[in-house]
>>> print(open('final38.cif').read())   # mmCIF, C-alpha atoms
data_entry
#
loop_
_atom_site.label_atom_id
_atom_site.label_comp_id
_atom_site.auth_asym_id
_atom_site.auth_seq_id
_atom_site.Cartn_x
_atom_site.Cartn_y
_atom_site.Cartn_z
CA MET A 1 0.00 0.00 0.00
CA SER A 2 1.37 3.40 -0.98
CA GLY A 3 2.00 6.39 1.23
CA ALA A 4 -0.57 8.22 -0.88
CA ALA A 5 -3.17 5.59 0.05
CA GLU A 6 -2.46 5.94 3.75
CA GLU A 7 -2.41 9.73 3.55
CA HIS A 8 -5.77 9.74 1.80
CA ARG A 9 -7.25 7.25 4.26
CA THR A 10 -6.26 9.52 7.15
CA VAL A 11 -7.17 12.88 5.62
CA ALA A 12 -10.42 11.68 4.02
CA GLY A 13 -11.33 9.95 7.29
CA VAL A 14 -11.25 13.26 9.15
CA PHE A 15 -13.21 14.97 6.38
CA THR A 16 -15.74 12.12 6.46
CA ASP A 17 -16.19 12.68 10.20
CA ARG A 18 -16.95 16.35 9.52
CA VAL A 19 -19.38 15.46 6.69
CA ARG A 20 -21.21 13.03 8.95
CA GLY A 21 -21.17 15.60 11.74
CA VAL A 22 -23.10 18.26 9.81
CA ALA A 23 -26.48 18.83 11.44
CA PRO A 24 -29.26 18.46 8.83
CA GLY A 25 -30.19 22.15 8.93
CA ARG A 26 -26.61 23.39 8.43
CA TRP A 27 -25.83 22.28 4.87
CA ASP A 28 -26.76 25.73 3.54
CA ASP A 29 -24.75 27.68 6.13
CA PRO A 30 -22.12 30.01 4.62
CA ALA A 31 -18.64 28.54 4.16
CA PRO A 32 -15.36 30.49 4.35
CA CYS A 33 -14.95 30.24 0.56
CA GLU A 34 -16.66 33.26 -0.96
CA GLY A 35 -20.10 32.45 -2.35
CA TRP A 36 -20.11 28.87 -1.01
CA VAL A 37 -22.29 27.14 1.54
CA ALA A 38 -21.33 23.98 3.43
CA ARG A 39 -22.66 21.60 0.77
CA ASP A 40 -20.57 23.44 -1.85
CA VAL A 41 -17.41 22.34 -0.05
CA VAL A 42 -18.44 18.71 -0.63
CA ARG A 43 -19.68 19.52 -4.14
CA HIS A 44 -16.31 20.99 -5.08
CA LEU A 45 -14.43 17.84 -4.07
CA VAL A 46 -16.81 15.35 -5.69
CA GLU A 47 -17.08 17.32 -8.94
CA TRP A 48 -13.63 18.63 -9.92
CA PHE A 49 -11.58 15.56 -9.14
CA PRO A 50 -13.41 12.93 -11.24
CA ALA A 51 -13.01 15.12 -14.33
CA PHE A 52 -9.30 15.61 -13.53
CA LEU A 53 -8.79 11.84 -13.28
CA LYS A 54 -10.82 11.07 -16.37
CA SER A 55 -9.02 13.55 -18.59
CA GLY A 56 -5.54 12.81 -17.26
CA ALA A 57 -5.55 9.08 -16.53
CA ASP A 58 -8.77 7.71 -18.06
CA VAL A 59 -10.04 6.80 -14.60
CA ASP A 60 -13.77 6.72 -13.92
CA LEU A 61 -14.69 7.10 -10.27
CA PRO A 62 -18.04 5.77 -9.04
CA ARG A 63 -20.79 8.40 -8.81
CA GLY A 64 -23.12 8.66 -5.88
CA PRO A 65 -26.24 10.74 -5.51
CA SER A 66 -26.04 14.47 -6.10
CA VAL A 67 -24.70 16.62 -3.31
CA ASP A 68 -28.04 18.47 -3.32
CA ASP A 69 -29.94 15.24 -2.63
CA ASP A 70 -27.58 13.59 -0.14
CA PRO A 71 -24.22 15.24 0.57
CA VAL A 72 -23.17 12.48 2.99
CA ALA A 73 -23.76 9.68 0.47
CA ALA A 74 -22.27 11.73 -2.38
CA TRP A 75 -19.07 12.20 -0.37
CA THR A 76 -18.95 8.60 0.87
CA VAL A 77 -19.26 7.05 -2.59
CA HIS A 78 -16.67 9.46 -3.97
CA SER A 79 -14.17 9.05 -1.13
CA ASP A 80 -14.50 5.26 -1.16
CA GLY A 81 -13.83 5.29 -4.92
CA VAL A 82 -10.67 7.37 -4.50
CA GLN A 83 -9.49 5.06 -1.72
CA ALA A 84 -10.12 1.98 -3.86
CA LEU A 85 -8.06 3.56 -6.65
CA LEU A 86 -5.17 4.24 -4.28
CA ASP A 87 -5.40 0.79 -2.69
CA ASP A 88 -5.24 -0.91 -6.11
CA PRO A 89 -1.65 -2.15 -6.66
CA ALA A 90 -1.96 -1.32 -10.38
CA THR A 91 -2.27 2.40 -9.57
CA ALA A 92 1.42 2.57 -8.66
CA GLY A 93 2.30 1.94 -12.31
CA ARG A 94 -0.12 4.47 -13.79
CA VAL A 95 0.58 8.03 -14.89
CA LEU A 96 -1.62 11.11 -15.00
CA ARG A 97 -1.00 13.41 -17.97
CA ASN A 98 -2.02 17.05 -17.80
CA PRO A 99 -0.99 19.96 -20.03
CA HIS A 100 -0.27 22.14 -16.97
CA ILE A 101 1.73 19.67 -14.89
CA GLY A 102 3.08 17.16 -17.42
CA GLU A 103 3.27 13.48 -16.49
CA VAL A 104 2.98 12.58 -12.82
CA PRO A 105 2.65 9.15 -11.21
CA LEU A 106 -1.08 8.75 -10.57
CA ASP A 107 -0.80 8.10 -6.84
CA ARG A 108 1.41 11.18 -6.42
CA ALA A 109 -1.01 13.31 -8.44
CA VAL A 110 -3.87 12.21 -6.18
CA ASP A 111 -1.82 13.00 -3.10
CA VAL A 112 -0.50 16.39 -4.21
CA PHE A 113 -3.55 17.82 -5.95
CA TYR A 114 -6.51 16.11 -4.32
CA THR A 115 -5.70 14.86 -0.82
CA SER A 116 -4.18 18.22 0.09
CA ASP A 117 -7.38 19.88 -1.16
CA VAL A 118 -9.48 17.59 1.05
CA PHE A 119 -7.23 18.47 3.99
CA LEU A 120 -7.65 22.22 3.53
CA HIS A 121 -11.40 21.98 2.89
CA THR A 122 -11.82 20.05 6.15
CA TRP A 123 -11.35 23.36 7.92
CA ASP A 124 -13.87 25.06 5.61
CA LEU A 125 -16.57 22.50 6.32
CA ALA A 126 -15.87 22.52 10.04
CA ARG A 127 -15.96 26.32 10.17
CA ALA A 128 -19.20 26.49 8.16
CA THR A 129 -20.99 23.97 10.36
CA GLY A 130 -19.64 24.74 13.82
CA GLN A 131 -17.50 21.63 14.16
CA ASP A 132 -13.96 20.91 15.36
CA GLU A 133 -11.62 23.06 13.25
CA ARG A 134 -8.37 21.47 14.37
CA LEU A 135 -6.02 20.21 11.65
CA ASP A 136 -2.91 18.08 12.06
CA PRO A 137 -0.10 20.60 12.70
CA GLU A 138 2.57 18.58 10.85
CA ARG A 139 0.38 18.28 7.75
CA CYS A 140 -0.32 22.01 7.98
CA GLU A 141 3.42 22.75 8.03
CA ARG A 142 4.13 20.42 5.07
CA LEU A 143 1.27 21.78 2.99
CA LEU A 144 2.12 25.38 3.78
CA SER A 145 5.77 24.84 2.89
CA GLY A 146 4.80 23.41 -0.51
CA MET A 147 2.25 26.13 -1.15
CA GLU A 148 4.68 28.91 -0.25
CA ALA A 149 7.14 27.52 -2.79
CA ALA A 150 4.42 27.75 -5.47
CA ASP A 151 2.91 31.04 -4.30
CA GLY A 152 2.95 32.78 -7.69
CA ALA A 153 1.37 29.86 -9.53
CA LEU A 154 -1.28 29.40 -6.84
CA ARG A 155 -2.27 33.06 -6.83
CA SER A 156 -2.39 33.28 -10.63
CA SER A 157 -4.62 30.17 -10.79
CA GLY A 158 -7.45 32.14 -9.23
CA HIS A 159 -8.07 29.40 -6.67
CA TYR A 160 -6.66 31.39 -3.77
CA GLY A 161 -7.43 34.87 -2.58
CA PRO A 162 -4.88 37.32 -1.24
CA LYS A 163 -3.00 36.21 1.84
CA VAL A 164 -4.55 37.30 5.13
CA GLY A 165 -2.15 38.79 7.66
CA VAL A 166 -1.59 36.92 10.90
CA ALA A 167 0.87 37.21 13.77
CA ALA A 168 4.38 35.97 13.02
CA ASP A 169 4.10 33.44 15.84
CA ALA A 170 0.71 32.06 14.72
CA ASP A 171 0.32 28.29 14.71
CA ALA A 172 0.67 26.27 11.51
CA ARG A 173 -3.07 25.92 10.92
CA THR A 174 -3.67 29.65 11.26
CA ARG A 175 -0.79 30.43 8.87
CA LEU A 176 -2.04 27.86 6.34
CA ILE A 177 -5.62 29.14 6.42
CA ALA A 178 -4.42 32.74 6.09
CA PHE A 179 -2.02 31.86 3.26
CA SER A 180 -4.94 30.35 1.34
CA GLY A 181 -6.85 33.63 1.56
CA ARG A 182 -9.26 32.65 4.32
CA THR A 183 -9.73 34.50 7.57
CA PRO A 184 -8.70 32.13 10.39
#
>>> encode(input="final38.cif", output="structure tokens")
Amino acid sequence: MSGAAEEHRTVAGVFTDRVRGVAPGRWDDPAPCEGWVARDVVRHLVEWFPAFLKSGADVDLPRGPSVDDDPVAAWTVHSDGVQALLDDPATAGRVLRNPHIGEVPLDRAVDVFYTSDVFLHTWDLARATGQDERLDPERCERLLSGMEAADGALRSSGHYGPKVGVAADADARTRLIAFSGRTP
């Protein structure tokens, strides 16, 4: 089993806990991402990634119900499909091809582009729905370090807003959230 599979199992497990922890009346509560509500956080993850895999590696993930009908089931089917892909020994030999990033081993592409997105959006869903906002400090440091190295590319992608200022001695989660353009 790859490190990417274990990383996804851990990160997606925490996100799954937050998805399952959303009170029924809170799915339309505002999220920290401008213009999004809580269900949009789940929608984002279950919609962008299957298209990315299909176009770059000819992988079809299973589809659950729509996020509007059942966000918990939509996430569960999606997350289980990603985990099955990573647990499949054949994945280690596959490559994802993308005009922006070139050729990347499939398991690494999942880890770098998707699992890190799930990790960051865990905070968004927790914040939107009044749940535990803690994130693993070591993962925060690793993700922040990688994002800082790619700051120009991230900002020009339009996926991140301007950095939010925080105290120099702020913890890793606060610095990560602020770097991504969210107010911690």
>>> closest_residue(input="final38.cif", among="A:Leu106, A:Ala92, A:Ala128, A:Leu144", to="Lys54 in chain A", atoms="only C-alpha atoms")
A:Leu106
>>> closest_residue(input="final38.cif", among="A:Pro50, A:Gly130, A:Pro105, A:Gly13", to="Ala38 in chain A", atoms="all atoms listed in the file")
A:Gly130
>>> closest_residue(input="final38.cif", among="A:His8, A:Arg18, A:His159, A:Arg142", to="His44 in chain A", atoms="all atoms listed in the file")
A:His159
>>> resolve_selection(input="final38.cif", expression="the PyMOL selection byres ((chain A and resi 24-27) around 12)", output="VMD selection string")
chain A and resid 18 to 23 28 to 31 36 to 43 67 to 72 125 to 131
>>> closest_residue(input="final38.cif", among="A:Arg94, A:Arg108, A:His100, A:Arg173", to="Thr122 in chain A", atoms="all atoms listed in the file")
A:Arg173
>>> closest_residue(input="final38.cif", among="A:Gly158, A:Pro89, A:Pro137, A:Ser55", to="Ala170 in chain A", atoms="only C-alpha atoms")
A:Pro137
>>> atom_distance(input="final38.cif", atom1="CA of Pro32 in chain A", atom2="CA of Phe15 in chain A")
15.8 Å
>>> closest_residue(input="final38.cif", among="A:Leu120, A:Leu86, A:Ala168, A:Met147", to="Cys33 in chain A", atoms="all atoms listed in the file")
A:Leu120
>>> atom_distance(input="final38.cif", atom1="CA of Glu6 in chain A", atom2="CA of Leu135 in chain A")
16.7 Å
>>> atom_distance(input="final38.cif", atom1="CA of Glu47 in chain A", atom2="CA of Arg9 in chain A")
19.3 Å
>>> residues_around(input="final38.cif", residues="Pro62 in chain A", least_positions_apart="4", cutoff="9 Å", atoms="only C-alpha atoms", output="ChimeraX atom specification")
/A:50,77-78,80-82
>>> resolve_selection(input="final38.cif", expression="the PyMOL selection byres ((chain A and resi 96) around 9)", output="compact mmCIF listing (two decimals) with C-alpha atoms, keeping the file's coordinate frame")
# COMPACT_ATOMS: atom_id res chain seq x y z
CA LEU A 53 -8.79 11.84 -13.28
CA SER A 55 -9.02 13.55 -18.59
CA GLY A 56 -5.54 12.81 -17.26
CA ALA A 57 -5.55 9.08 -16.53
CA ASP A 58 -8.77 7.71 -18.06
CA ARG A 94 -0.12 4.47 -13.79
CA VAL A 95 0.58 8.03 -14.89
CA ARG A 97 -1.00 13.41 -17.97
CA ASN A 98 -2.02 17.05 -17.80
CA GLY A 102 3.08 17.16 -17.42
CA GLU A 103 3.27 13.48 -16.49
CA VAL A 104 2.98 12.58 -12.82
CA PRO A 105 2.65 9.15 -11.21
CA LEU A 106 -1.08 8.75 -10.57
CA ASP A 107 -0.80 8.10 -6.84
CA ALA A 109 -1.01 13.31 -8.44
